[in-house]
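The data block below is my_file-v6.pdb; it holds PDB, C-alpha atoms and all ligand atoms.
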```
ATOM      1  CA  MET A   1       0.000   0.000   0.000
ATOM      2  CA  GLU A   2       1.242   3.459  -0.887
ATOM      3  CA  ASN A   3       2.532   5.413   2.107
ATOM      4  CA  VAL A   4       1.204   8.819   3.081
ATOM      5  CA  GLN A   5       4.289  10.708   1.897
ATOM      6  CA  ASP A   6       4.108   9.245  -1.608
ATOM      7  CA  ARG A   7       0.371   9.599  -1.747
ATOM      8  CA  LEU A   8       0.548  13.283  -0.834
ATOM      9  CA  ALA A   9       3.332  13.873  -3.355
ATOM     10  CA  ARG A  10       1.378  12.182  -6.134
ATOM     11  CA  ALA A  11      -2.076  13.573  -5.318
ATOM     12  CA  ALA A  12      -3.459  16.104  -7.782
ATOM     13  CA  ALA A  13      -3.397  19.699  -6.540
ATOM     14  CA  GLY A  14      -6.681  20.892  -5.038
ATOM     15  CA  THR A  15      -8.026  17.489  -3.961
ATOM     16  CA  ARG A  16      -9.179  15.627  -0.833
ATOM     17  CA  GLN A  17      -8.282  11.977  -0.347
ATOM     18  CA  HIS A  18      -8.954   9.283   2.238
ATOM     19  CA  GLY A  19      -6.885   6.287   3.219
ATOM     20  CA  LYS A  20      -5.613   4.148   6.056
ATOM     21  CA  ILE A  21      -2.268   3.133   7.445
ATOM     22  CA  PRO A  22      -2.115  -0.619   8.143
ATOM     23  CA  VAL A  23      -1.058  -1.703  11.656
ATOM     24  CA  GLY A  24      -2.110  -5.354  12.104
ATOM     25  CA  PHE A  25      -5.048  -7.619  12.883
ATOM     26  CA  TYR A  26      -7.401  -8.546  15.706
ATOM     27  CA  ALA A  27      -7.625 -12.233  16.645
ATOM     28  CA  SER A  28     -10.911 -12.400  14.746
ATOM     29  CA  GLY A  29      -9.124 -11.368  11.570
ATOM     30  CA  ALA A  30     -10.469  -7.813  11.380
ATOM     31  CA  GLU A  31      -7.889  -5.334  10.168
ATOM     32  CA  ILE A  32      -6.364  -2.734  12.496
ATOM     33  CA  ALA A  33      -5.558   0.459  10.598
ATOM     34  CA  LEU A  34      -5.257   4.201  11.154
ATOM     35  CA  PRO A  35      -7.628   6.221   8.972
ATOM     36  CA  TYR A  36      -6.485   9.531   7.507
ATOM     37  CA  ILE A  37      -7.752  12.425   5.404
ATOM     38  CA  LEU A  38      -5.350  14.289   3.089
ATOM     39  CA  VAL A  39      -6.282  17.697   1.740
ATOM     40  CA  LYS A  40      -3.834  18.999  -0.822
ATOM     41  CA  GLY A  41      -4.051  22.639  -1.755
ATOM     42  CA  ALA A  42      -4.026  24.124  -5.234
ATOM     43  CA  GLN A  43      -0.676  25.795  -4.471
ATOM     44  CA  ARG A  44       2.455  24.577  -2.732
ATOM     45  CA  GLY A  45       3.002  25.382   0.931
ATOM     46  CA  PRO A  46       3.496  23.912   4.409
ATOM     47  CA  CYS A  47       1.654  20.924   5.875
ATOM     48  CA  LEU A  48      -0.428  21.025   9.054
ATOM     49  CA  TRP A  49      -0.932  17.668  10.810
ATOM     50  CA  VAL A  50      -3.953  17.393  13.097
ATOM     51  CA  ASN A  51      -4.233  14.298  15.280
ATOM     52  CA  GLY A  52      -7.741  13.959  16.740
ATOM     53  CA  GLN A  53      -6.933  11.727  19.699
ATOM     54  CA  VAL A  54      -4.215   9.604  21.205
ATOM     55  CA  HIS A  55      -6.457   8.560  24.104
ATOM     56  CA  GLY A  56      -9.438   6.462  23.040
ATOM     57  CA  ASP A  57     -12.058   8.073  25.292
ATOM     58  CA  GLU A  58     -11.257  11.685  24.275
ATOM     59  CA  LEU A  59     -13.792  12.533  21.607
ATOM     60  CA  ASN A  60     -14.151  16.298  21.089
ATOM     61  CA  GLY A  61     -10.846  16.336  19.193
ATOM     62  CA  VAL A  62     -11.848  13.493  16.874
ATOM     63  CA  MET A  63     -14.965  15.420  15.818
ATOM     64  CA  ALA A  64     -13.053  18.688  15.505
ATOM     65  CA  ALA A  65     -10.368  17.089  13.329
ATOM     66  CA  ILE A  66     -12.958  15.550  10.988
ATOM     67  CA  ASP A  67     -15.028  18.756  10.804
ATOM     68  CA  PHE A  68     -11.926  20.825  10.088
ATOM     69  CA  ALA A  69     -10.714  18.484   7.303
ATOM     70  CA  ASN A  70     -14.100  18.258   5.645
ATOM     71  CA  GLY A  71     -14.754  21.991   5.849
ATOM     72  CA  LEU A  72     -11.565  22.896   3.945
ATOM     73  CA  ARG A  73     -11.766  24.086   0.339
ATOM     74  CA  PRO A  74      -8.558  22.716  -1.223
ATOM     75  CA  GLU A  75      -8.797  25.050  -4.206
ATOM     76  CA  THR A  76      -8.178  27.991  -1.845
ATOM     77  CA  MET A  77      -5.241  26.380  -0.042
ATOM     78  CA  SER A  78      -1.475  26.822  -0.351
ATOM     79  CA  GLY A  79      -0.042  23.700   1.258
ATOM     80  CA  SER A  80      -1.774  20.720   2.756
ATOM     81  CA  VAL A  81      -3.554  19.350   5.787
ATOM     82  CA  VAL A  82      -3.242  15.776   7.029
ATOM     83  CA  VAL A  83      -5.823  14.688   9.573
ATOM     84  CA  THR A  84      -5.509  11.458  11.523
ATOM     85  CA  PRO A  85      -8.766  11.273  13.509
ATOM     86  CA  THR A  86      -7.326   8.706  15.934
ATOM     87  CA  ALA A  87      -3.859   7.398  16.762
ATOM     88  CA  ASN A  88      -5.424   4.578  18.755
ATOM     89  CA  PRO A  89      -8.446   2.906  17.105
ATOM     90  CA  MET A  90      -8.129  -0.050  19.517
ATOM     91  CA  ALA A  91      -8.808   2.256  22.475
ATOM     92  CA  LEU A  92     -11.492   4.218  20.582
ATOM     93  CA  ASP A  93     -13.374   1.000  19.799
ATOM     94  CA  SER A  94     -13.258   0.093  23.496
ATOM     95  CA  ARG A  95     -14.168   3.574  24.852
ATOM     96  CA  ARG A  96     -10.986   3.516  26.917
ATOM     97  CA  LYS A  97      -7.982   5.786  27.349
ATOM     98  CA  ARG A  98      -5.437   3.003  26.928
ATOM     99  CA  THR A  99      -5.005   0.211  24.409
ATOM    100  CA  PRO A 100      -6.923  -2.827  25.755
ATOM    101  CA  GLN A 101      -4.603  -5.396  24.127
ATOM    102  CA  ASP A 102      -1.426  -4.286  25.922
ATOM    103  CA  ASP A 103      -2.674  -1.725  28.484
ATOM    104  CA  GLN A 104      -0.285   0.978  27.202
ATOM    105  CA  ASP A 105      -0.919   4.705  27.005
ATOM    106  CA  ILE A 106      -0.022   5.166  23.357
ATOM    107  CA  ASP A 107       1.079   8.765  24.017
ATOM    108  CA  GLN A 108       3.998   7.346  25.983
ATOM    109  CA  THR A 109       5.171   5.054  23.169
ATOM    110  CA  PHE A 110       6.196   7.439  20.368
ATOM    111  CA  PRO A 111       8.190   7.182  18.117
ATOM    112  CA  GLY A 112       7.131   3.555  18.466
ATOM    113  CA  ASN A 113       8.612   0.223  17.484
ATOM    114  CA  ALA A 114       7.676  -1.817  14.397
ATOM    115  CA  TYR A 115       8.395  -5.083  16.287
ATOM    116  CA  GLY A 116       6.928  -4.193  19.685
ATOM    117  CA  PHE A 117       3.493  -4.403  21.307
ATOM    118  CA  LEU A 118       0.407  -3.360  19.357
ATOM    119  CA  SER A 119       0.560   0.206  20.767
ATOM    120  CA  ASP A 120       4.233   0.505  19.767
ATOM    121  CA  ARG A 121       3.433  -0.708  16.269
ATOM    122  CA  ALA A 122       0.544   1.741  15.870
ATOM    123  CA  SER A 123       2.595   4.718  17.089
ATOM    124  CA  HIS A 124       5.489   3.659  14.861
ATOM    125  CA  ALA A 125       3.307   3.366  11.759
ATOM    126  CA  LEU A 126       1.659   6.725  12.389
ATOM    127  CA  PHE A 127       4.824   8.642  13.220
ATOM    128  CA  GLU A 128       6.956   7.141  10.441
ATOM    129  CA  GLN A 129       4.414   7.958   7.788
ATOM    130  CA  ILE A 130       3.322  11.432   8.768
ATOM    131  CA  HIS A 131       6.074  13.321  10.555
ATOM    132  CA  PRO A 132       8.236  13.560   7.395
ATOM    133  CA  VAL A 133       5.557  15.663   5.666
ATOM    134  CA  ALA A 134       4.441  17.746   8.696
ATOM    135  CA  ASN A 135       5.513  21.326   9.433
ATOM    136  CA  CYS A 136       3.293  21.637  12.521
ATOM    137  CA  LEU A 137       1.362  19.138  14.665
ATOM    138  CA  VAL A 138      -1.702  19.771  16.794
ATOM    139  CA  SER A 139      -2.349  16.860  19.164
ATOM    140  CA  LEU A 140      -5.922  17.012  20.470
ATOM    141  CA  HIS A 141      -6.930  15.725  23.899
ATOM    142  CA  THR A 142      -9.561  16.204  26.605
ATOM    143  CA  MET A 143      -9.500  15.852  30.361
ATOM    144  CA  ASN A 144     -10.941  12.619  31.690
ATOM    145  CA  PRO A 145     -14.736  12.254  31.826
ATOM    146  CA  LEU A 146     -14.930  12.966  35.559
ATOM    147  CA  PHE A 147     -13.902  16.626  35.124
ATOM    148  CA  GLN A 148     -15.255  19.904  33.788
ATOM    149  CA  ALA A 149     -12.664  22.140  32.121
ATOM    150  CA  LYS A 150     -12.401  25.057  29.723
ATOM    151  CA  PRO A 151     -10.198  24.334  26.705
ATOM    152  CA  TYR A 152      -6.525  24.919  27.443
ATOM    153  CA  ALA A 153      -3.133  24.322  25.861
ATOM    154  CA  VAL A 154      -0.082  22.338  26.927
ATOM    155  CA  TYR A 155       3.291  22.611  25.266
ATOM    156  CA  LYS A 156       6.643  21.031  25.959
ATOM    157  CA  VAL A 157       9.949  22.777  25.535
ATOM    158  CA  ARG A 158      13.060  21.058  24.340
ATOM    159  CA  GLN A 159      16.214  22.690  25.700
ATOM    160  CA  GLY A 160      18.404  23.792  22.799
ATOM    161  CA  GLY A 161      15.752  22.752  20.274
ATOM    162  CA  LYS A 162      14.954  24.884  17.267
ATOM    163  CA  VAL A 163      11.259  25.417  18.115
ATOM    164  CA  THR A 164      10.976  28.407  20.445
ATOM    165  CA  GLU A 165       8.588  28.834  23.345
ATOM    166  CA  ASP A 166       7.377  32.133  21.812
ATOM    167  CA  HIS A 167       6.391  30.320  18.640
ATOM    168  CA  LEU A 168       4.495  27.645  20.578
ATOM    169  CA  LEU A 169       2.684  30.273  22.672
ATOM    170  CA  LYS A 170       1.636  32.036  19.495
ATOM    171  CA  CYS A 171       0.410  28.816  17.866
ATOM    172  CA  THR A 172      -1.585  27.834  20.968
ATOM    173  CA  SER A 173      -3.109  31.335  21.222
ATOM    174  CA  PHE A 174      -5.348  30.719  18.183
ATOM    175  CA  PHE A 175      -7.352  28.304  20.357
ATOM    176  CA  GLN A 176      -8.115  31.002  22.976
ATOM    177  CA  PRO A 177      -6.923  28.731  25.781
ATOM    178  CA  SER A 178      -7.984  29.290  29.374
ATOM    179  CA  VAL A 179      -4.278  28.779  30.174
ATOM    180  CA  SER A 180      -1.245  27.753  28.135
ATOM    181  CA  CYS A 181       0.880  25.374  30.220
ATOM    182  CA  ARG A 182       4.566  24.771  29.821
ATOM    183  CA  MET A 183       5.353  21.162  30.663
ATOM    184  CA  ASP A 184       8.923  20.237  31.401
ATOM    185  CA  VAL A 185      10.172  16.951  30.054
ATOM    186  CA  GLY A 186      12.616  15.108  32.250
ATOM    187  CA  GLY A 187      11.359  16.355  35.609
ATOM    188  CA  ALA A 188       8.571  14.631  37.516
ATOM    189  CA  GLY A 189       5.288  14.955  35.609
ATOM    190  CA  GLU A 190       1.867  15.480  37.141
ATOM    191  CA  LEU A 191       1.174  11.820  36.430
ATOM    192  CA  PRO A 192       3.604   8.914  36.184
ATOM    193  CA  GLY A 193       4.851   7.797  32.787
ATOM    194  CA  ASN A 194       7.220   8.429  29.913
ATOM    195  CA  ILE A 195       6.460  12.060  28.951
ATOM    196  CA  ALA A 196       9.140  11.965  26.245
ATOM    197  CA  GLY A 197       7.051   9.304  24.467
ATOM    198  CA  ALA A 198       4.354  11.860  23.601
ATOM    199  CA  ILE A 199       3.686  12.453  19.911
ATOM    200  CA  ASP A 200       4.144  16.232  20.289
ATOM    201  CA  TYR A 201       7.518  15.880  22.036
ATOM    202  CA  GLN A 202       8.775  13.458  19.386
ATOM    203  CA  CYS A 203       7.832  16.028  16.736
ATOM    204  CA  LEU A 204       9.735  18.732  18.659
ATOM    205  CA  LEU A 205      12.799  16.455  18.615
ATOM    206  CA  LYS A 206      12.505  16.485  14.816
ATOM    207  CA  GLY A 207      12.263  20.293  14.818
ATOM    208  CA  ILE A 208       8.503  20.321  14.084
ATOM    209  CA  PRO A 209       6.434  22.776  16.175
ATOM    210  CA  ALA A 210       3.920  20.656  18.098
ATOM    211  CA  PHE A 211       1.587  21.112  21.066
ATOM    212  CA  MET A 212      -1.532  19.752  22.733
ATOM    213  CA  ILE A 213      -4.977  21.315  23.029
ATOM    214  CA  GLU A 214      -7.175  19.936  25.814
ATOM    215  CA  LEU A 215     -10.810  20.263  24.756
ATOM    216  CA  GLY A 216     -12.943  19.952  27.866
ATOM    217  CA  LYS A 217     -14.368  16.661  29.014
ATOM    218  CA  GLY A 218     -13.788  13.090  27.817
ATOM    219  CA  SER A 219     -16.288  10.392  26.705
ATOM    220  CA  TYR A 220     -18.628  13.100  25.546
ATOM    221  CA  ILE A 221     -19.219  15.558  22.720
ATOM    222  CA  GLU A 222     -19.334  19.219  23.677
ATOM    223  CA  PRO A 223     -20.360  21.108  20.514
ATOM    224  CA  GLU A 224     -18.963  24.441  21.748
ATOM    225  CA  ASN A 225     -15.532  22.899  22.317
ATOM    226  CA  VAL A 226     -15.589  21.139  18.944
ATOM    227  CA  ALA A 227     -16.423  24.483  17.296
ATOM    228  CA  LEU A 228     -13.700  26.281  19.260
ATOM    229  CA  ALA A 229     -11.124  23.763  18.051
ATOM    230  CA  VAL A 230     -12.239  24.029  14.412
ATOM    231  CA  ASN A 231     -11.959  27.814  14.704
ATOM    232  CA  GLY A 232      -8.491  27.518  16.271
ATOM    233  CA  LEU A 233      -7.287  25.115  13.571
ATOM    234  CA  THR A 234      -8.611  27.428  10.861
ATOM    235  CA  ARG A 235      -6.810  30.417  12.366
ATOM    236  CA  LEU A 236      -3.608  28.410  12.818
ATOM    237  CA  ALA A 237      -3.776  27.257   9.180
ATOM    238  CA  ALA A 238      -4.149  30.901   8.097
ATOM    239  CA  PHE A 239      -1.178  31.895  10.271
ATOM    240  CA  LEU A 240       0.894  29.132   8.622
ATOM    241  CA  GLY A 241      -0.107  30.482   5.195
ATOM    242  CA  ILE A 242      -2.135  27.401   4.214
ATOM    243  CA  LEU A 243      -5.482  29.197   4.226
ATOM    244  CA  PRO A 244      -6.094  32.684   2.814
ATOM    245  CA  GLY A 245      -6.684  35.661   5.083
ATOM    246  CA  ASP A 246      -4.933  36.602   8.249
ATOM    247  CA  ALA A 247      -5.671  35.485  11.770
ATOM    248  CA  PRO A 248      -4.585  37.825  14.531
ATOM    249  CA  PRO A 249      -3.546  35.843  17.614
ATOM    250  CA  PHE A 250      -5.501  35.914  20.856
ATOM    251  CA  SER A 251      -3.156  38.485  22.338
ATOM    252  CA  GLU A 252      -3.158  37.840  26.100
ATOM    253  CA  VAL A 253      -2.285  34.357  27.293
ATOM    254  CA  ARG A 254      -1.899  33.109  30.859
ATOM    255  CA  ARG A 255       1.376  31.184  30.678
ATOM    256  CA  VAL A 256       1.471  28.538  33.397
ATOM    257  CA  THR A 257       4.765  27.162  34.667
ATOM    258  CA  ARG A 258       3.556  24.971  37.571
ATOM    259  CA  ARG A 259       0.448  22.835  37.885
ATOM    260  CA  SER A 260      -0.747  20.273  40.336
ATOM    261  CA  TRP A 261      -3.614  18.000  41.235
ATOM    262  CA  VAL A 262      -5.626  18.600  44.379
ATOM    263  CA  ASN A 263      -6.548  15.327  46.094
ATOM    264  CA  CYS A 264      -9.148  14.831  48.816
ATOM    265  CA  GLY A 265      -8.554  13.080  52.131
ATOM    266  CA  ALA A 266     -12.120  12.056  52.901
ATOM    267  CA  GLY A 267     -14.381   9.677  51.012
ATOM    268  CA  GLY A 268     -17.921  10.581  49.973
ATOM    269  CA  LEU A 269     -19.426  13.054  47.507
ATOM    270  CA  PHE A 270     -17.411  16.059  46.282
ATOM    271  CA  ARG A 271     -19.181  19.316  45.454
ATOM    272  CA  SER A 272     -17.788  22.520  44.020
ATOM    273  CA  GLU A 273     -19.319  25.683  42.618
ATOM    274  CA  TYR A 274     -16.122  26.560  40.741
ATOM    275  CA  ARG A 275     -15.446  26.107  37.042
ATOM    276  CA  GLY A 276     -12.408  25.691  34.818
ATOM    277  CA  GLY A 277     -10.769  29.084  34.178
ATOM    278  CA  ASP A 278     -11.696  30.579  37.585
ATOM    279  CA  THR A 279      -8.957  32.343  39.543
ATOM    280  CA  VAL A 280      -9.006  31.549  43.269
ATOM    281  CA  LYS A 281      -7.127  33.145  46.189
ATOM    282  CA  ALA A 282      -5.038  31.163  48.684
ATOM    283  CA  GLY A 283      -7.151  29.949  51.615
ATOM    284  CA  THR A 284     -10.334  29.652  49.536
ATOM    285  CA  ALA A 285     -12.493  26.581  50.007
ATOM    286  CA  ILE A 286     -13.114  25.277  46.493
ATOM    287  CA  GLY A 287     -15.409  22.464  47.536
ATOM    288  CA  ILE A 288     -16.472  20.018  50.178
ATOM    289  CA  VAL A 289     -16.621  16.270  50.569
ATOM    290  CA  MET A 290     -19.796  15.177  52.343
ATOM    291  CA  ASP A 291     -20.929  11.756  53.426
ATOM    292  CA  LEU A 292     -24.066  10.112  52.092
ATOM    293  CA  THR A 293     -26.203  11.724  54.769
ATOM    294  CA  GLY A 294     -25.010  15.182  53.665
ATOM    295  CA  ARG A 295     -22.694  15.834  56.628
ATOM    296  CA  GLU A 296     -19.493  17.604  55.702
ATOM    297  CA  GLN A 297     -16.361  15.441  56.047
ATOM    298  CA  GLU A 298     -13.750  17.740  54.522
ATOM    299  CA  THR A 299     -13.386  21.279  53.231
ATOM    300  CA  VAL A 300     -10.968  21.337  50.318
ATOM    301  CA  VAL A 301      -8.850  24.498  50.676
ATOM    302  CA  LEU A 302      -6.164  25.781  48.313
ATOM    303  CA  ASP A 303      -2.853  26.674  49.931
ATOM    304  CA  THR A 304      -1.740  29.151  47.228
ATOM    305  CA  ASP A 305      -3.390  31.424  44.653
ATOM    306  CA  CYS A 306      -4.541  29.207  41.779
ATOM    307  CA  ILE A 307      -6.258  29.113  38.435
ATOM    308  CA  ILE A 308      -8.636  26.187  38.300
ATOM    309  CA  ILE A 309      -7.876  24.283  35.102
ATOM    310  CA  GLY A 310     -10.359  21.486  35.678
ATOM    311  CA  VAL A 311     -12.689  20.527  38.506
ATOM    312  CA  ARG A 312     -14.324  17.238  39.366
ATOM    313  CA  ARG A 313     -17.999  16.884  38.447
ATOM    314  CA  ASP A 314     -18.350  13.152  39.065
ATOM    315  CA  PRO A 315     -18.886  13.506  42.824
ATOM    316  CA  VAL A 316     -18.023   9.986  43.951
ATOM    317  CA  VAL A 317     -14.624  10.193  45.664
ATOM    318  CA  HIS A 318     -12.473   7.895  47.760
ATOM    319  CA  THR A 319      -9.514   9.003  49.871
ATOM    320  CA  GLY A 320      -6.749  10.286  47.580
ATOM    321  CA  ASP A 321      -8.961  10.911  44.552
ATOM    322  CA  ARG A 322      -8.339  13.965  42.385
ATOM    323  CA  VAL A 323     -10.898  16.750  42.830
ATOM    324  CA  ALA A 324      -9.253  19.589  40.891
ATOM    325  CA  PHE A 325      -6.369  20.334  38.553
ATOM    326  CA  VAL A 326      -4.895  23.766  39.213
ATOM    327  CA  ALA A 327      -2.236  26.174  37.972
ATOM    328  CA  LYS A 328      -0.043  27.366  40.859
ATOM    329  CA  GLU A 329       2.422  29.622  39.068
ATOM    330  CA  TRP A 330       1.613  31.749  36.043
ATOM    331  CA  SER A 331       2.242  35.085  34.366
ATOM    332  CA  GLY A 332       0.564  37.176  31.709
ATOM    333  CA  TYR A 333       2.139  36.789  28.277
ATOM    334  CA  THR A 334       1.475  39.115  25.358
ATOM    335  CA  VAL A 335       1.589  37.370  22.009
ATOM    336  CA  ALA A 336       3.472  39.467  19.476
TER     337      ALA A 336
HETATM  338 ZN    ZN B   1      -5.311  12.739  26.451
END
```
Reformat the file's structure so that it appears as structure tokens.
Amino acid sequence: MENVQDRLARAAAGTRQHGKIPVGFYASGAEIALPYILVKGAQRGPCLWVNGQVHGDELNGVMAAIDFANGLRPETMSGSVVVTPTANPMALDSRRKRTPQDDQDIDQTFPGNAYGFLSDRASHALFEQIHPVANCLVSLHTMNPLFQAKPYAVYKVRQGGKVTEDHLLKCTSFFQPSVSCRMDVGGAGELPGNIAGAIDYQCLLKGIPAFMIELGKGSYIEPENVALAVNGLTRLAAFLGILPGDAPPFSEVRRVTRRSWVNCGAGGLFRSEYRGGDTVKAGTAIGIVMDLTGREQETVVLDTDCIIIGVRRDPVVHTGDRVAFVAKEWSGYTVA
């Protein structure tokens, strides 16, 4: 089967094409493959790669990627767009974050391994075929289904790399993020795992600007967040010169340099009136945990000034569960 690079090179100018990248087979014999949409502009230009999901239960990005690809008019474009709606069809089919066959988080396996587990093979096939043609990658995510959040951005910085933080902040600004979070690779992450195995970081290692947009809540379609992402992708494509017109950036961004989870000590039902994007002063109670007779067991208080990135809406909590995701250190950043 023709690979994506060759297919894009040979495609007629001003056309839209569909295909799939083969990965392997289920025990039943059904094929495992990664679908893609290629939109090749009438004129030459850069290539924007949009990946709809790496985590199988994160759905707003899949819809946004498809809507964006199918709304493009290739005859007006200078350059191309490659959309891969999912990097993990095994997890999508199972409505799970991780790959059921090997229990891996595929976003910790890039650039993959052609002879490894199923997740490694899928990430290898995807990365090998698409990164050589890409000039920018947007990796779409959501928070998990237990949380409410406003869309926000996360970008990694590679020390000494050729992609600058200013460039990444500008690219993320088109999505009007609640916050734009710098995530250091190498230090301890907010969650365990191999952060360097993320698709966006592997693109940065190749000198390709890449970042993540977190689009609200998982396992669910939120039409306003899908629309926001399509708008952001359209503006980014205009900034890159692929689409006509200009797209002024969203000028003020809250650049976050430290984030953390807030975990509860009590078990019961968590309640909060706060929402993603809210700024909260140190000492503020952001919610309570009550028992099943309504008696308060714990007041959850923040120890520093915070921006709430996401807050738990599934109230059922055990000791140690996450009730909020907050920014603890940030500054205003003006996008030039
Ligand atoms: Zn994710």
Please provide the set of residues having any atom within 8 Å of stretch 281-295 of chain A, restricted to all atoms listed in the file, with same-chain residues fewer than 5 positions apart removed, written as number ranges by chain.
A: 264, 266-274, 300-306
Contacts of A:Asn144 at 8 Å or less, counting all atoms listed in the file, minus same-chain residues fewer than 4 places along, as a CSV table (one decimal) with C-alpha atoms, in the frame of the given file?
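Result written to out.csv:
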```csv
chain,number,residue,atom,x,y,z
A,57,ASP,CA,-12.1,8.1,25.3
A,58,GLU,CA,-11.3,11.7,24.3
A,217,LYS,CA,-14.4,16.7,29.0
A,218,GLY,CA,-13.8,13.1,27.8
A,219,SER,CA,-16.3,10.4,26.7
```
Would you give me, as a tab-separated table, each residue of chain A having an atom within 10 Å of an atom of ligand ZN 1 (chain B), along with its shortest atom pair and that distance in Å to one decimal, using all atoms listed in the file and sorting by chain and residue number?
```
residue	atom	partner	partner_atom	distance
A:Gln53	CA	B:ZN1	ZN	7.0
A:Val54	CA	B:ZN1	ZN	6.2
A:His55	CA	B:ZN1	ZN	4.9
A:Gly56	CA	B:ZN1	ZN	8.3
A:Asp57	CA	B:ZN1	ZN	8.3
A:Glu58	CA	B:ZN1	ZN	6.4
A:Leu59	CA	B:ZN1	ZN	9.8
A:Gly61	CA	B:ZN1	ZN	9.8
A:Lys97	CA	B:ZN1	ZN	7.5
A:Arg98	CA	B:ZN1	ZN	9.7
A:Asp105	CA	B:ZN1	ZN	9.2
A:Ile106	CA	B:ZN1	ZN	9.7
A:Asp107	CA	B:ZN1	ZN	7.9
A:Ser139	CA	B:ZN1	ZN	8.9
A:Leu140	CA	B:ZN1	ZN	7.4
A:His141	CA	B:ZN1	ZN	4.2
A:Thr142	CA	B:ZN1	ZN	5.5
A:Met143	CA	B:ZN1	ZN	6.5
A:Asn144	CA	B:ZN1	ZN	7.7
A:Met212	CA	B:ZN1	ZN	8.8
A:Ile213	CA	B:ZN1	ZN	9.2
A:Glu214	CA	B:ZN1	ZN	7.5
A:Leu215	CA	B:ZN1	ZN	9.5
A:Gly218	CA	B:ZN1	ZN	8.6
```
Could you list the residues chosen by the PyMOL selection byres (((chain A and resi 3) around 10) and not hetatm) in this structure as a PDB file with C-alpha atoms, in the frame of the given file?
```
ATOM      1  CA  MET A   1       0.000   0.000   0.000  1.00  0.00           C
ATOM      2  CA  GLU A   2       1.242   3.459  -0.887  1.00  0.00           C
ATOM      3  CA  VAL A   4       1.204   8.819   3.081  1.00  0.00           C
ATOM      4  CA  GLN A   5       4.289  10.708   1.897  1.00  0.00           C
ATOM      5  CA  ASP A   6       4.108   9.245  -1.608  1.00  0.00           C
ATOM      6  CA  ARG A   7       0.371   9.599  -1.747  1.00  0.00           C
ATOM      7  CA  LEU A   8       0.548  13.283  -0.834  1.00  0.00           C
ATOM      8  CA  GLY A  19      -6.885   6.287   3.219  1.00  0.00           C
ATOM      9  CA  LYS A  20      -5.613   4.148   6.056  1.00  0.00           C
ATOM     10  CA  ILE A  21      -2.268   3.133   7.445  1.00  0.00           C
ATOM     11  CA  PRO A  22      -2.115  -0.619   8.143  1.00  0.00           C
ATOM     12  CA  ALA A 125       3.307   3.366  11.759  1.00  0.00           C
ATOM     13  CA  GLU A 128       6.956   7.141  10.441  1.00  0.00           C
ATOM     14  CA  GLN A 129       4.414   7.958   7.788  1.00  0.00           C
ATOM     15  CA  ILE A 130       3.322  11.432   8.768  1.00  0.00           C
TER      16      ILE A 130
END
```
Closest to A:Lys162 among A:Gly112, A:Ser178, A:Leu204, A:Val23, using only C-alpha atoms?
A:Leu204
Find, counting all atoms listed in the file, the residue in A:Tyr333, A:Arg322, A:Gln17, A:Tyr115 that gets nearest to A:Asp166.
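Looking at the shortest contact to A:Asp166, the residue is A:Tyr333.
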Residues returned when the PyMOL selection byres (((chain A and resi 156-159) around 9) and not hetatm) runs on this file, as a PyMOL selection string:
chain A and resi 154-155+160-165+168+181-185+200-201+204-205+210-212
May I have the residues from that selection written out with C-alpha atoms, as a PDB file, in the coordinates of the input?
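So the final result, stored in again-v5.pdb, reads:
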```pdb
ATOM      1  CA  VAL A 154      -0.082  22.338  26.927  1.00  0.00           C
ATOM      2  CA  TYR A 155       3.291  22.611  25.266  1.00  0.00           C
ATOM      3  CA  GLY A 160      18.404  23.792  22.799  1.00  0.00           C
ATOM      4  CA  GLY A 161      15.752  22.752  20.274  1.00  0.00           C
ATOM      5  CA  LYS A 162      14.954  24.884  17.267  1.00  0.00           C
ATOM      6  CA  VAL A 163      11.259  25.417  18.115  1.00  0.00           C
ATOM      7  CA  THR A 164      10.976  28.407  20.445  1.00  0.00           C
ATOM      8  CA  GLU A 165       8.588  28.834  23.345  1.00  0.00           C
ATOM      9  CA  LEU A 168       4.495  27.645  20.578  1.00  0.00           C
ATOM     10  CA  CYS A 181       0.880  25.374  30.220  1.00  0.00           C
ATOM     11  CA  ARG A 182       4.566  24.771  29.821  1.00  0.00           C
ATOM     12  CA  MET A 183       5.353  21.162  30.663  1.00  0.00           C
ATOM     13  CA  ASP A 184       8.923  20.237  31.401  1.00  0.00           C
ATOM     14  CA  VAL A 185      10.172  16.951  30.054  1.00  0.00           C
ATOM     15  CA  ASP A 200       4.144  16.232  20.289  1.00  0.00           C
ATOM     16  CA  TYR A 201       7.518  15.880  22.036  1.00  0.00           C
ATOM     17  CA  LEU A 204       9.735  18.732  18.659  1.00  0.00           C
ATOM     18  CA  LEU A 205      12.799  16.455  18.615  1.00  0.00           C
ATOM     19  CA  ALA A 210       3.920  20.656  18.098  1.00  0.00           C
ATOM     20  CA  PHE A 211       1.587  21.112  21.066  1.00  0.00           C
ATOM     21  CA  MET A 212      -1.532  19.752  22.733  1.00  0.00           C
TER      22      MET A 212
END
```
Six-sided padding of 6 Å per side, axis-aligned box over stretch 282-298 of chain A, centre and edges in Å, one decimal, as lines of an AutoDock Vina configuration file:
```
center_x = -15.6
center_y = 20.6
center_z = 51.6
size_x = 33.2
size_y = 33.1
size_z = 22.1
```
Tell me, as a list in words, which residues lie within 8 Å of A:Ala122, counting all atoms listed in the file; anything in the same chain fewer than 2 positions away does not count.
Val23, Leu34, Ala87, Asn88, Gly112, Leu118, Ser119, Asp120, His124, Ala125 and Leu126 of chain A
Enter the distance from atom CA of A:Pro177 to atom CA of A:Ile66, in Å, rounded to one decimal.
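It comes out at 20.7 Å.
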